>>> print(open('my_file35.cif').read())   # mmCIF, C-alpha atoms
data_target
#
loop_
_atom_site.label_atom_id
_atom_site.label_comp_id
_atom_site.auth_asym_id
_atom_site.auth_seq_id
_atom_site.Cartn_x
_atom_site.Cartn_y
_atom_site.Cartn_z
CA MET A 611 8.83 -32.13 -7.56
CA SER A 612 8.99 -28.55 -6.28
CA THR A 613 10.74 -27.88 -3.00
CA VAL A 614 9.42 -24.30 -2.75
CA ASP A 615 6.58 -23.97 -0.24
CA TYR A 616 4.91 -20.85 -1.63
CA ASP A 617 1.57 -19.51 -0.41
CA PRO A 618 0.80 -15.87 -1.32
CA TYR A 619 -1.07 -15.52 1.98
CA SER A 620 1.69 -16.80 4.25
CA HIS A 621 3.15 -14.24 6.63
CA GLU A 622 6.58 -14.70 5.08
CA ALA A 623 5.33 -14.07 1.52
CA MET A 624 3.24 -11.05 2.47
CA LYS A 625 6.16 -9.51 4.35
CA ASP A 626 8.89 -10.22 1.78
CA PRO A 627 8.05 -12.39 -1.25
CA TYR A 628 11.34 -11.88 -3.11
CA PRO A 629 13.18 -14.96 -1.72
CA PHE A 630 10.23 -17.12 -2.80
CA TYR A 631 10.23 -15.52 -6.24
CA ALA A 632 13.94 -16.16 -6.76
CA ALA A 633 13.51 -19.80 -5.78
CA MET A 634 10.52 -20.29 -8.08
CA ARG A 635 12.33 -18.69 -11.01
CA LYS A 636 15.13 -21.23 -10.54
CA GLU A 637 12.58 -24.01 -11.09
CA GLY A 638 12.46 -22.82 -14.71
CA LYS A 639 8.72 -23.38 -15.14
CA PRO A 640 5.35 -22.37 -13.66
CA HIS A 641 5.06 -23.29 -9.98
CA PHE A 642 2.10 -25.46 -9.00
CA MET A 643 0.28 -24.55 -5.76
CA PRO A 644 -1.60 -27.68 -4.57
CA LYS A 645 -3.51 -25.73 -1.90
CA TYR A 646 -5.20 -23.63 -4.58
CA ASN A 647 -5.01 -26.11 -7.48
CA GLY A 648 -3.39 -23.28 -9.38
CA TRP A 649 -0.18 -21.92 -10.79
CA ALA A 650 2.20 -19.11 -9.84
CA LEU A 651 4.10 -17.61 -12.78
CA ALA A 652 7.37 -16.18 -11.49
CA ARG A 653 9.45 -16.08 -14.69
CA PHE A 654 9.27 -13.08 -17.03
CA GLN A 655 8.89 -15.16 -20.18
CA ASP A 656 6.10 -17.30 -18.73
CA ILE A 657 4.04 -14.21 -17.82
CA TRP A 658 4.81 -12.59 -21.17
CA ASP A 659 3.73 -15.69 -23.11
CA ALA A 660 0.61 -16.17 -21.00
CA SER A 661 -0.30 -12.49 -21.42
CA SER A 662 0.23 -12.60 -25.18
CA LYS A 663 -2.57 -15.16 -25.51
CA VAL A 664 -4.54 -14.24 -22.42
CA ASP A 665 -7.76 -13.53 -24.33
CA ASP A 666 -7.63 -17.00 -25.88
CA ASN A 667 -6.77 -18.89 -22.71
CA CYS A 668 -8.06 -16.96 -19.70
CA THR A 669 -11.17 -15.27 -18.40
CA PHE A 670 -11.29 -12.07 -16.37
CA THR A 671 -14.89 -12.58 -15.25
CA LYS A 672 -13.69 -14.45 -12.14
CA GLY A 673 -11.76 -11.37 -11.03
CA GLN A 674 -8.24 -9.98 -11.20
CA THR A 675 -7.05 -9.79 -7.59
CA PRO A 676 -5.71 -12.88 -5.81
CA GLY A 677 -8.51 -12.57 -3.27
CA GLN A 678 -11.17 -12.75 -5.96
CA VAL A 679 -9.60 -15.67 -7.80
CA LEU A 680 -8.16 -17.71 -4.91
CA LEU A 681 -10.60 -16.91 -2.10
CA GLY A 682 -13.83 -16.19 -3.95
CA GLU A 683 -14.13 -12.57 -2.86
CA PRO A 684 -16.78 -10.46 -4.69
CA VAL A 685 -15.99 -9.41 -8.26
CA PRO A 686 -17.22 -5.93 -9.28
CA SER A 687 -18.64 -5.86 -12.80
CA THR A 688 -16.58 -3.34 -14.82
CA PHE A 689 -14.54 -3.46 -18.03
CA MET A 690 -11.66 -4.65 -15.82
CA THR A 691 -13.49 -7.92 -15.26
CA MET A 692 -14.80 -8.36 -18.81
CA ASP A 693 -13.40 -10.56 -21.55
CA ALA A 694 -12.78 -9.39 -25.10
CA PRO A 695 -14.44 -7.95 -27.10
CA GLU A 696 -16.72 -6.39 -24.43
CA HIS A 697 -13.66 -5.30 -22.46
CA ARG A 698 -12.29 -3.26 -25.35
CA LYS A 699 -15.64 -1.66 -26.11
CA TRP A 700 -16.31 -0.40 -22.57
CA ARG A 701 -12.68 0.51 -21.87
CA GLY A 702 -12.57 2.38 -25.17
CA LEU A 703 -15.15 4.87 -23.92
CA ILE A 704 -12.50 6.69 -21.88
CA ARG A 705 -9.43 5.67 -23.86
CA HIS A 706 -8.54 9.16 -25.14
CA GLU A 707 -8.01 10.52 -21.65
CA PHE A 708 -5.25 7.93 -21.14
CA THR A 709 -3.41 8.32 -24.45
CA PRO A 710 -0.14 10.31 -24.46
CA GLU A 711 -2.04 13.20 -26.07
CA GLY A 712 -4.87 13.06 -23.55
CA VAL A 713 -2.46 12.87 -20.65
CA ARG A 714 -0.49 15.92 -21.84
CA GLU A 715 -3.73 17.90 -21.71
CA GLN A 716 -3.81 17.27 -17.94
CA GLU A 717 -0.17 18.07 -17.17
CA ALA A 718 -0.57 21.74 -16.20
CA ARG A 719 -3.47 20.98 -13.86
CA LEU A 720 -1.61 18.10 -12.20
CA ARG A 721 1.55 20.14 -11.67
CA ALA A 722 -0.45 23.02 -10.19
CA LEU A 723 -2.24 20.59 -7.84
CA THR A 724 1.08 19.09 -6.73
CA GLN A 725 2.57 22.51 -6.03
CA GLU A 726 -0.54 23.57 -4.12
CA LEU A 727 -0.47 20.54 -1.80
CA LEU A 728 3.32 20.65 -1.41
CA ALA A 729 3.55 24.32 -0.36
CA PRO A 730 2.26 23.95 3.23
CA LEU A 731 4.34 20.79 3.75
CA LEU A 732 7.53 22.69 2.95
CA LYS A 733 6.94 24.91 5.96
CA LYS A 734 6.98 21.87 8.25
CA GLY A 735 10.43 20.60 7.28
CA GLN A 736 9.20 17.00 7.36
CA PHE A 737 6.38 14.99 5.81
CA ASP A 738 5.37 11.52 4.65
CA ILE A 739 5.61 11.45 0.87
CA TYR A 740 2.96 8.75 0.48
CA SER A 741 0.11 9.89 2.71
CA GLU A 742 0.62 13.64 2.89
CA LEU A 743 1.34 14.33 -0.76
CA ALA A 744 1.48 11.61 -3.43
CA ASN A 745 -1.62 9.72 -2.33
CA ARG A 746 -3.56 12.97 -2.03
CA VAL A 747 -2.57 14.16 -5.52
CA THR A 748 -3.52 10.91 -7.24
CA CYS A 749 -6.72 10.53 -5.25
CA ILE A 750 -7.88 14.10 -5.90
CA ASN A 751 -7.11 13.61 -9.58
CA ALA A 752 -9.07 10.34 -9.72
CA GLY A 753 -11.97 12.05 -8.00
CA HIS A 754 -11.73 15.00 -10.38
CA ASN A 755 -12.05 12.66 -13.35
CA LEU A 756 -15.15 11.16 -11.76
CA GLY A 757 -16.63 14.54 -10.90
CA LEU A 758 -16.33 13.96 -7.14
CA PRO A 759 -15.83 16.86 -4.72
CA ARG A 760 -12.21 17.03 -3.56
CA GLU A 761 -13.03 16.48 0.09
CA ASP A 762 -15.07 13.38 -0.77
CA ALA A 763 -12.30 11.90 -2.92
CA GLU A 764 -9.76 12.21 -0.10
CA LYS A 765 -12.16 10.79 2.45
CA TRP A 766 -12.96 7.75 0.32
CA ARG A 767 -9.30 7.15 -0.53
CA ALA A 768 -8.62 6.83 3.20
CA LEU A 769 -11.38 4.24 3.36
CA ILE A 770 -9.83 2.40 0.41
CA ASP A 771 -6.58 2.18 2.36
CA ASP A 772 -8.56 0.75 5.28
CA MET A 773 -10.26 -1.74 2.96
CA LEU A 774 -6.88 -2.93 1.60
CA HIS A 775 -5.15 -3.00 4.99
CA ARG A 776 -3.84 -6.35 6.20
CA GLU A 777 -2.99 -7.27 9.75
CA GLU A 778 -0.16 -9.74 10.31
CA GLY A 779 -1.41 -13.20 9.42
CA GLN A 780 -4.65 -11.95 7.87
CA ILE A 781 -5.86 -13.92 4.85
CA GLY A 782 -8.01 -11.93 2.45
CA GLY A 783 -10.04 -8.80 3.01
CA GLY A 784 -12.49 -10.02 5.62
CA SER A 785 -11.38 -8.14 8.72
CA GLU A 786 -13.76 -5.87 10.60
CA ARG A 787 -11.73 -2.87 9.46
CA ASN A 788 -11.91 -3.99 5.81
CA GLN A 789 -15.63 -4.65 5.90
CA ALA A 790 -16.52 -1.41 7.68
CA ALA A 791 -14.60 0.61 5.10
CA ALA A 792 -16.17 -1.28 2.19
CA GLY A 793 -19.64 -0.70 3.60
CA GLN A 794 -19.07 3.04 3.86
CA LEU A 795 -17.61 3.23 0.37
CA PHE A 796 -20.39 1.41 -1.37
CA GLY A 797 -22.98 3.29 0.66
CA TYR A 798 -21.51 6.57 -0.55
CA PHE A 799 -21.33 5.52 -4.18
CA GLY A 800 -24.84 4.10 -4.05
CA GLN A 801 -26.14 7.45 -2.85
CA TYR A 802 -24.08 9.29 -5.46
CA VAL A 803 -25.49 7.16 -8.30
CA TYR A 804 -29.00 7.78 -6.97
CA GLN A 805 -28.36 11.54 -7.13
CA LEU A 806 -27.01 11.22 -10.67
CA ARG A 807 -30.05 9.31 -11.87
CA ASN A 808 -32.31 12.00 -10.48
CA ASP A 809 -30.19 14.85 -11.83
CA PRO A 810 -27.97 13.66 -14.72
CA ALA A 811 -26.64 17.20 -15.13
CA LEU A 812 -24.48 16.56 -12.04
CA ALA A 813 -22.43 13.94 -13.90
CA GLN A 814 -19.00 15.03 -15.13
CA ARG A 815 -16.15 13.54 -17.13
CA TYR A 816 -15.82 9.73 -16.80
CA THR A 817 -18.99 9.53 -14.75
CA LYS A 818 -21.00 11.27 -17.46
CA ILE A 819 -19.46 9.07 -20.15
CA PHE A 820 -20.47 5.85 -18.40
CA LEU A 821 -23.84 7.21 -17.27
CA ASP A 822 -24.74 8.03 -20.88
CA ALA A 823 -23.07 4.99 -22.45
CA SER A 824 -24.83 2.30 -24.41
CA VAL A 825 -22.74 -0.56 -25.80
CA ASP A 826 -24.43 -3.11 -28.04
CA GLY A 827 -27.74 -1.72 -26.84
CA ARG A 828 -26.92 -2.16 -23.14
CA SER A 829 -26.53 0.59 -20.53
CA LEU A 830 -25.08 0.24 -17.05
CA SER A 831 -27.31 -0.61 -14.11
CA ASP A 832 -27.11 1.40 -10.88
CA GLU A 833 -25.00 -1.34 -9.31
CA GLU A 834 -22.63 -1.39 -12.27
CA MET A 835 -22.28 2.40 -12.17
CA MET A 836 -21.40 2.12 -8.49
CA PHE A 837 -18.76 -0.51 -9.29
CA TYR A 838 -17.25 1.67 -12.02
CA LEU A 839 -16.94 4.69 -9.75
CA PHE A 840 -15.41 2.59 -6.99
CA SER A 841 -12.97 0.72 -9.23
CA LEU A 842 -11.78 3.80 -11.11
CA LEU A 843 -11.13 5.64 -7.85
CA VAL A 844 -9.14 2.67 -6.53
CA VAL A 845 -6.97 1.95 -9.58
CA GLY A 846 -6.49 5.65 -10.27
CA SER A 847 -4.80 6.31 -6.97
CA GLU A 848 -3.10 3.24 -5.51
CA THR A 849 0.17 2.31 -7.25
CA THR A 850 1.74 5.61 -8.33
CA PRO A 851 2.10 6.98 -4.75
CA ILE A 852 3.84 3.76 -3.68
CA THR A 853 6.39 4.16 -6.47
CA VAL A 854 6.94 7.86 -5.72
CA ALA A 855 7.63 7.09 -2.06
CA GLY A 856 9.91 4.22 -3.04
CA THR A 857 11.89 6.47 -5.38
CA PHE A 858 13.06 8.61 -2.46
CA TRP A 859 13.83 5.55 -0.33
CA ASN A 860 15.95 4.11 -3.13
CA LEU A 861 17.79 7.37 -3.79
CA GLN A 862 18.59 7.73 -0.10
CA ASN A 863 20.01 4.22 -0.03
CA ASN A 864 22.10 4.76 -3.15
CA PRO A 865 24.04 7.97 -2.33
CA GLU A 866 25.98 8.22 -5.59
CA GLN A 867 22.81 7.97 -7.65
CA LYS A 868 21.08 10.47 -5.37
CA ALA A 869 23.95 12.93 -5.84
CA ALA A 870 23.77 12.54 -9.62
CA VAL A 871 20.02 13.19 -9.66
CA LEU A 872 20.33 16.29 -7.48
CA ALA A 873 23.23 17.64 -9.56
CA GLU A 874 21.09 17.37 -12.68
CA VAL A 875 18.10 18.97 -10.93
CA LYS A 876 20.25 22.04 -10.25
CA THR A 877 20.59 22.50 -14.01
CA GLY A 878 16.82 22.36 -14.47
CA LYS A 879 16.82 18.89 -16.00
CA PHE A 880 14.99 15.83 -14.72
CA ASP A 881 16.02 12.96 -16.99
CA LEU A 882 17.68 11.05 -14.15
CA ALA A 883 14.77 11.76 -11.80
CA ARG A 884 12.42 10.16 -14.34
CA LYS A 885 14.76 7.18 -14.67
CA ALA A 886 14.83 6.82 -10.88
CA PHE A 887 11.02 6.68 -10.81
CA LEU A 888 10.87 4.08 -13.60
CA GLU A 889 13.65 1.99 -12.08
CA THR A 890 11.73 1.98 -8.80
CA ALA A 891 8.68 0.70 -10.66
CA ARG A 892 10.82 -2.19 -11.90
CA TYR A 893 12.87 -2.81 -8.78
CA ASP A 894 9.90 -2.65 -6.39
CA GLN A 895 6.92 -3.28 -8.66
CA PRO A 896 3.87 -1.91 -6.77
CA THR A 897 1.44 -4.35 -8.42
CA ASN A 898 2.94 -7.39 -6.77
CA MET A 899 0.57 -9.73 -8.58
CA LEU A 900 -2.68 -10.03 -10.50
CA ALA A 901 -4.68 -13.19 -11.09
CA ARG A 902 -6.39 -14.91 -13.99
CA VAL A 903 -8.47 -18.07 -14.43
CA ALA A 904 -7.94 -20.51 -17.29
CA LYS A 905 -11.04 -20.89 -19.46
CA ARG A 906 -9.63 -23.82 -21.41
CA ASP A 907 -6.80 -26.34 -21.21
CA PHE A 908 -3.49 -25.07 -22.56
CA GLU A 909 0.25 -25.68 -22.23
CA LEU A 910 2.68 -23.11 -20.83
CA ASN A 911 6.40 -23.87 -20.68
CA GLY A 912 5.79 -27.53 -19.87
CA ALA A 913 2.92 -26.91 -17.44
CA GLN A 914 -0.42 -28.42 -18.43
CA ILE A 915 -2.92 -25.77 -17.36
CA LYS A 916 -6.48 -27.04 -16.91
CA ALA A 917 -9.69 -25.07 -17.42
CA GLY A 918 -10.82 -23.48 -14.16
CA GLN A 919 -7.37 -23.34 -12.59
CA PRO A 920 -6.19 -19.97 -11.22
CA LEU A 921 -2.94 -18.37 -12.35
CA LEU A 922 -0.98 -15.77 -10.41
CA PHE A 923 0.98 -13.37 -12.59
CA LEU A 924 3.83 -12.37 -10.25
CA TYR A 925 4.88 -9.09 -11.85
CA ALA A 926 7.22 -8.15 -9.01
CA SER A 927 9.11 -11.39 -9.65
CA ALA A 928 9.16 -10.98 -13.43
CA GLU A 929 10.82 -7.58 -13.20
CA ARG A 930 13.65 -9.13 -11.17
CA ASP A 931 14.16 -12.02 -13.58
CA GLU A 932 17.88 -12.65 -14.01
CA THR A 933 17.41 -13.65 -17.65
CA VAL A 934 16.02 -10.19 -18.45
CA HIS A 935 17.79 -7.80 -16.10
CA PRO A 936 21.48 -8.15 -15.20
CA ASN A 937 22.00 -7.91 -11.43
CA PRO A 938 18.21 -7.48 -10.97
CA ASP A 939 18.25 -7.08 -7.18
CA LYS A 940 20.26 -3.86 -7.46
CA PHE A 941 18.59 -0.47 -7.85
CA ASP A 942 20.26 1.15 -10.85
CA LEU A 943 18.73 4.22 -12.48
CA TYR A 944 21.28 3.91 -15.30
CA ARG A 945 19.84 0.54 -16.30
CA GLN A 946 19.07 0.41 -20.00
CA PRO A 947 15.40 -0.14 -20.92
CA THR A 948 14.62 -3.65 -22.13
CA GLU A 949 12.81 -4.36 -25.36
CA LYS A 950 9.94 -5.89 -23.42
CA SER A 951 8.54 -4.84 -20.04
CA LEU A 952 5.85 -6.07 -17.66
CA MET A 953 5.89 -3.03 -15.37
CA PHE A 954 2.40 -2.13 -16.65
CA GLY A 955 1.34 -5.58 -17.77
CA HIS A 956 1.03 -6.88 -21.31
CA GLY A 957 -1.72 -8.01 -23.64
CA GLY A 958 -5.38 -7.10 -23.81
CA HIS A 959 -5.62 -5.92 -20.20
CA LYS A 960 -2.40 -3.90 -20.14
CA CYS A 961 -2.71 -1.00 -17.70
CA LEU A 962 -4.93 1.70 -19.18
CA GLY A 963 -3.40 4.36 -16.95
CA LEU A 964 0.27 3.77 -17.65
CA HIS A 965 0.92 7.16 -19.33
CA LEU A 966 -1.04 9.03 -16.66
CA GLY A 967 0.66 7.14 -13.84
CA VAL A 968 4.14 7.89 -15.19
CA LEU A 969 3.29 11.55 -15.72
CA MET A 970 1.89 11.99 -12.20
CA GLY A 971 4.78 10.09 -10.67
CA CYS A 972 7.41 12.13 -12.48
CA ILE A 973 5.70 15.42 -11.63
CA LEU A 974 5.63 14.48 -7.95
CA VAL A 975 9.28 13.41 -7.90
CA GLU A 976 10.36 16.54 -9.79
CA GLU A 977 8.45 18.97 -7.59
CA ILE A 978 9.75 17.43 -4.35
CA LEU A 979 13.33 17.44 -5.63
CA LYS A 980 13.07 21.07 -6.75
CA ALA A 981 11.59 22.20 -3.45
CA ALA A 982 13.63 20.04 -1.05
CA PRO A 983 16.97 19.09 -2.64
CA ASP A 984 18.46 18.75 0.84
CA PHE A 985 16.05 15.94 1.75
CA GLU A 986 17.05 13.06 3.98
CA VAL A 987 14.89 9.99 4.57
CA VAL A 988 13.92 9.39 8.20
CA THR A 989 14.54 5.67 8.02
CA GLU A 990 13.08 4.72 11.39
CA GLN A 991 9.72 6.26 10.43
CA CYS A 992 9.36 4.43 7.09
CA GLU A 993 7.15 1.38 6.58
CA ARG A 994 6.71 -1.18 3.83
CA LEU A 995 3.28 -2.39 2.82
CA TYR A 996 2.19 -5.76 4.13
CA GLY A 997 -0.15 -7.85 2.01
CA GLU A 998 -0.63 -10.12 -0.97
CA HIS A 999 -1.62 -7.72 -3.75
CA LEU A 1000 0.39 -4.50 -3.47
CA SER A 1001 4.06 -4.16 -2.64
CA GLY A 1002 6.48 -1.36 -1.83
CA TRP A 1003 6.75 1.58 0.53
CA GLY A 1004 3.52 2.85 2.08
CA LYS A 1005 5.29 5.37 4.29
CA VAL A 1006 8.49 7.29 3.51
CA VAL A 1007 9.17 10.32 5.69
CA ILE A 1008 11.68 12.93 4.55
CA LYS A 1009 13.13 15.88 6.44
CA PHE A 1010 14.71 19.06 5.07
CA LYS A 1011 15.21 22.72 5.89
CA PRO A 1012 11.76 24.32 6.30
CA HIS A 1013 10.92 27.12 3.89
#
>>> encode(input="my_file35.cif", output="structure tokens")
Amino acid sequence: MSTVDYDPYSHEAMKDPYPFYAAMRKEGKPHFMPKYNGWALARFQDIWDASSKVDDNCTFTKGQTPGQVLLGEPVPSTFMTMDAPEHRKWRGLIRHEFTPEGVREQEARLRALTQELLAPLLKKGQFDIYSELANRVTCINAGHNLGLPREDAEKWRALIDDMLHREEGQIGGGSERNQAAAGQLFGYFGQYVYQLRNDPALAQRYTKIFLDASVDGRSLSDEEMMFYLFSLLVVGSETTPITVAGTFWNLQNNPEQKAAVLAEVKTGKFDLARKAFLETARYDQPTNMLARVAKRDFELNGAQIKAGQPLLFLYASAERDETVHPNPDKFDLYRQPTEKSLMFGHGGHKCLGLHLGVLMGCILVEEILKAAPDFEVVTEQCERLYGEHLSGWGKVVIKFKPH
């Protein structure tokens, strides 16, 4: 019988889940959560095996976030909450933009945007990497791909942060702050879809693709279009900024590695900077967890999963699994890549935006390092995220000589 009392919504788990994850990994099998009649997968191999056969064993129609699966929160209808083969068909409509080739086509624009937003911050001598730069770049880019005006994209990203915000002890997204932000967001997207229906020429890029799409003779309803716009803005701008901010926190707290990165930057190379970003994504995985629901009975490493039971895929735990990564609780940018990785998921619902996220993250890290190699992290002004779904640094302030 398990001695680990794990609840993803407990204050202790939302503040720092890593001690729970280490204890559950030691159990050597999936961890049963009686309160939710479900399972938490903390071991790398368990998540890998479950993901390898996820289309056979699980459904995504019940949602992907812990709130949707465990608490019954609303589930937007997009390709992210479809099962195969519908998932692949609808996701495939925008697949090219997320291939390595498609991403390279966006590199010059993304670097220019980063430099534009960074320039006024350099005059200040201090700024928050997450909110004042990285979050803005990724949000503006997500809005660009949806054809949204820049000012609207930034405004709605702020509302997304309000919608995802958790107060201490809060369970799920039902606070007044969460609901007010969600109401404004969906009101905006509802109006935007109405405008598009009346003047389809306004639609651009992803929005035009989905507005014009017909898969197996079915087009998207107004509500579905609204969900697509909302979901693509959210997932296109939430995890990369966390990892960028965390990269600078980790470099500051590992002086020898920071010195090595900066020495290489002076030569015009950024190999170590890229490794620092990727190691941060492993060490402090921003997607703390995603959820699935079993659609049939199956066995997983000795656990008898029953149809209808929820499963939590604890990615942040998997990437600190001792059987995969030696000394996993240490930040080490020299760590050799493993043959298998769960940093961007695995299986049929592996992260569509992995190449774009890495490119944007590396551009942001490179441009900050080039412009402010004398940076120091203002530790007392930094804050970690608090919640069940996302993890990492939501505020990292750096100071440097203004220029």
>>> resolve_selection(input="my_file35.cif", expression="the PyMOL selection byres ((chain A and resi 861-864) around 12)", output="PyMOL selection string")
chain A and resi 854-860+865-872+882-883+885-887+889-890+940-943+975+979+983-989+1006-1009
>>> atom_distance(input="my_file35.cif", atom1="atom CA of A:Val747", atom2="atom CA of A:Glu993")
20.1 Å
>>> residues_around(input="my_file35.cif", residues="A:Arg902", least_positions_apart="5", cutoff="6 Å", atoms="only C-alpha atoms", output="JSON, numbers by chain")
{"A": [674, 920, 921]}
>>> resolve_selection(input="my_file35.cif", expression="the PyMOL selection byres ((chain A and resi 661) around 12)", output="ChimeraX atom specification")
/A:651,654-660,662-669,900-902,904,910,921-925,951-952,954-960
>>> residues_near_point(input="my_file35.cif", point="(2.2, -2.6, -8.6)", cutoff="12 Å", atoms="all atoms listed in the file", output="PyMOL selection string")
chain A and resi 675+845+847-854+856+890-900+923-929+952-955+961+964+967+995+998-1003
>>> write_last_selection(input="my_file35.cif", atoms="C-alpha atoms", output="compact mmCIF listing (two decimals), in the frame of the given file")
# COMPACT_ATOMS: atom_id res chain seq x y z
CA THR A 675 -7.05 -9.79 -7.59
CA VAL A 845 -6.97 1.95 -9.58
CA SER A 847 -4.80 6.31 -6.97
CA GLU A 848 -3.10 3.24 -5.51
CA THR A 849 0.17 2.31 -7.25
CA THR A 850 1.74 5.61 -8.33
CA PRO A 851 2.10 6.98 -4.75
CA ILE A 852 3.84 3.76 -3.68
CA THR A 853 6.39 4.16 -6.47
CA VAL A 854 6.94 7.86 -5.72
CA GLY A 856 9.91 4.22 -3.04
CA THR A 890 11.73 1.98 -8.80
CA ALA A 891 8.68 0.70 -10.66
CA ARG A 892 10.82 -2.19 -11.90
CA TYR A 893 12.87 -2.81 -8.78
CA ASP A 894 9.90 -2.65 -6.39
CA GLN A 895 6.92 -3.28 -8.66
CA PRO A 896 3.87 -1.91 -6.77
CA THR A 897 1.44 -4.35 -8.42
CA ASN A 898 2.94 -7.39 -6.77
CA MET A 899 0.57 -9.73 -8.58
CA LEU A 900 -2.68 -10.03 -10.50
CA PHE A 923 0.98 -13.37 -12.59
CA LEU A 924 3.83 -12.37 -10.25
CA TYR A 925 4.88 -9.09 -11.85
CA ALA A 926 7.22 -8.15 -9.01
CA SER A 927 9.11 -11.39 -9.65
CA ALA A 928 9.16 -10.98 -13.43
CA GLU A 929 10.82 -7.58 -13.20
CA LEU A 952 5.85 -6.07 -17.66
CA MET A 953 5.89 -3.03 -15.37
CA PHE A 954 2.40 -2.13 -16.65
CA GLY A 955 1.34 -5.58 -17.77
CA CYS A 961 -2.71 -1.00 -17.70
CA LEU A 964 0.27 3.77 -17.65
CA GLY A 967 0.66 7.14 -13.84
CA LEU A 995 3.28 -2.39 2.82
CA GLU A 998 -0.63 -10.12 -0.97
CA HIS A 999 -1.62 -7.72 -3.75
CA LEU A 1000 0.39 -4.50 -3.47
CA SER A 1001 4.06 -4.16 -2.64
CA GLY A 1002 6.48 -1.36 -1.83
CA TRP A 1003 6.75 1.58 0.53
>>> atom_distance(input="my_file35.cif", atom1="atom CA of A:His706", atom2="atom CA of A:Leu966")
11.3 Å
>>> resolve_selection(input="my_file35.cif", expression="the PyMOL selection byres ((chain A and resi 631) around 9)", output="count of residues only")
17
>>> residues_around(input="my_file35.cif", residues="A:Val803", least_positions_apart="2", cutoff="12 Å", atoms="all atoms listed in the file", output="JSON, numbers by chain")
{"A": [756, 757, 758, 796, 797, 798, 799, 800, 801, 805, 806, 807, 808, 809, 810, 812, 813, 817, 818, 820, 821, 830, 831, 832, 833, 834, 835, 836, 837, 838, 839, 840]}
>>> atom_distance(input="my_file35.cif", atom1="atom CA of A:Trp649", atom2="atom CA of A:Gly1004")
28.2 Å
>>> closest_residue(input="my_file35.cif", among="A:Gly677, A:Pro1012, A:Gly638, A:Gly997", to="A:Glu777", atoms="only C-alpha atoms")
A:Gly997
>>> closest_residue(input="my_file35.cif", among="A:Lys879, A:Arg767, A:Lys1011, A:Lys905", to="A:Leu731", atoms="only C-alpha atoms")
A:Lys1011
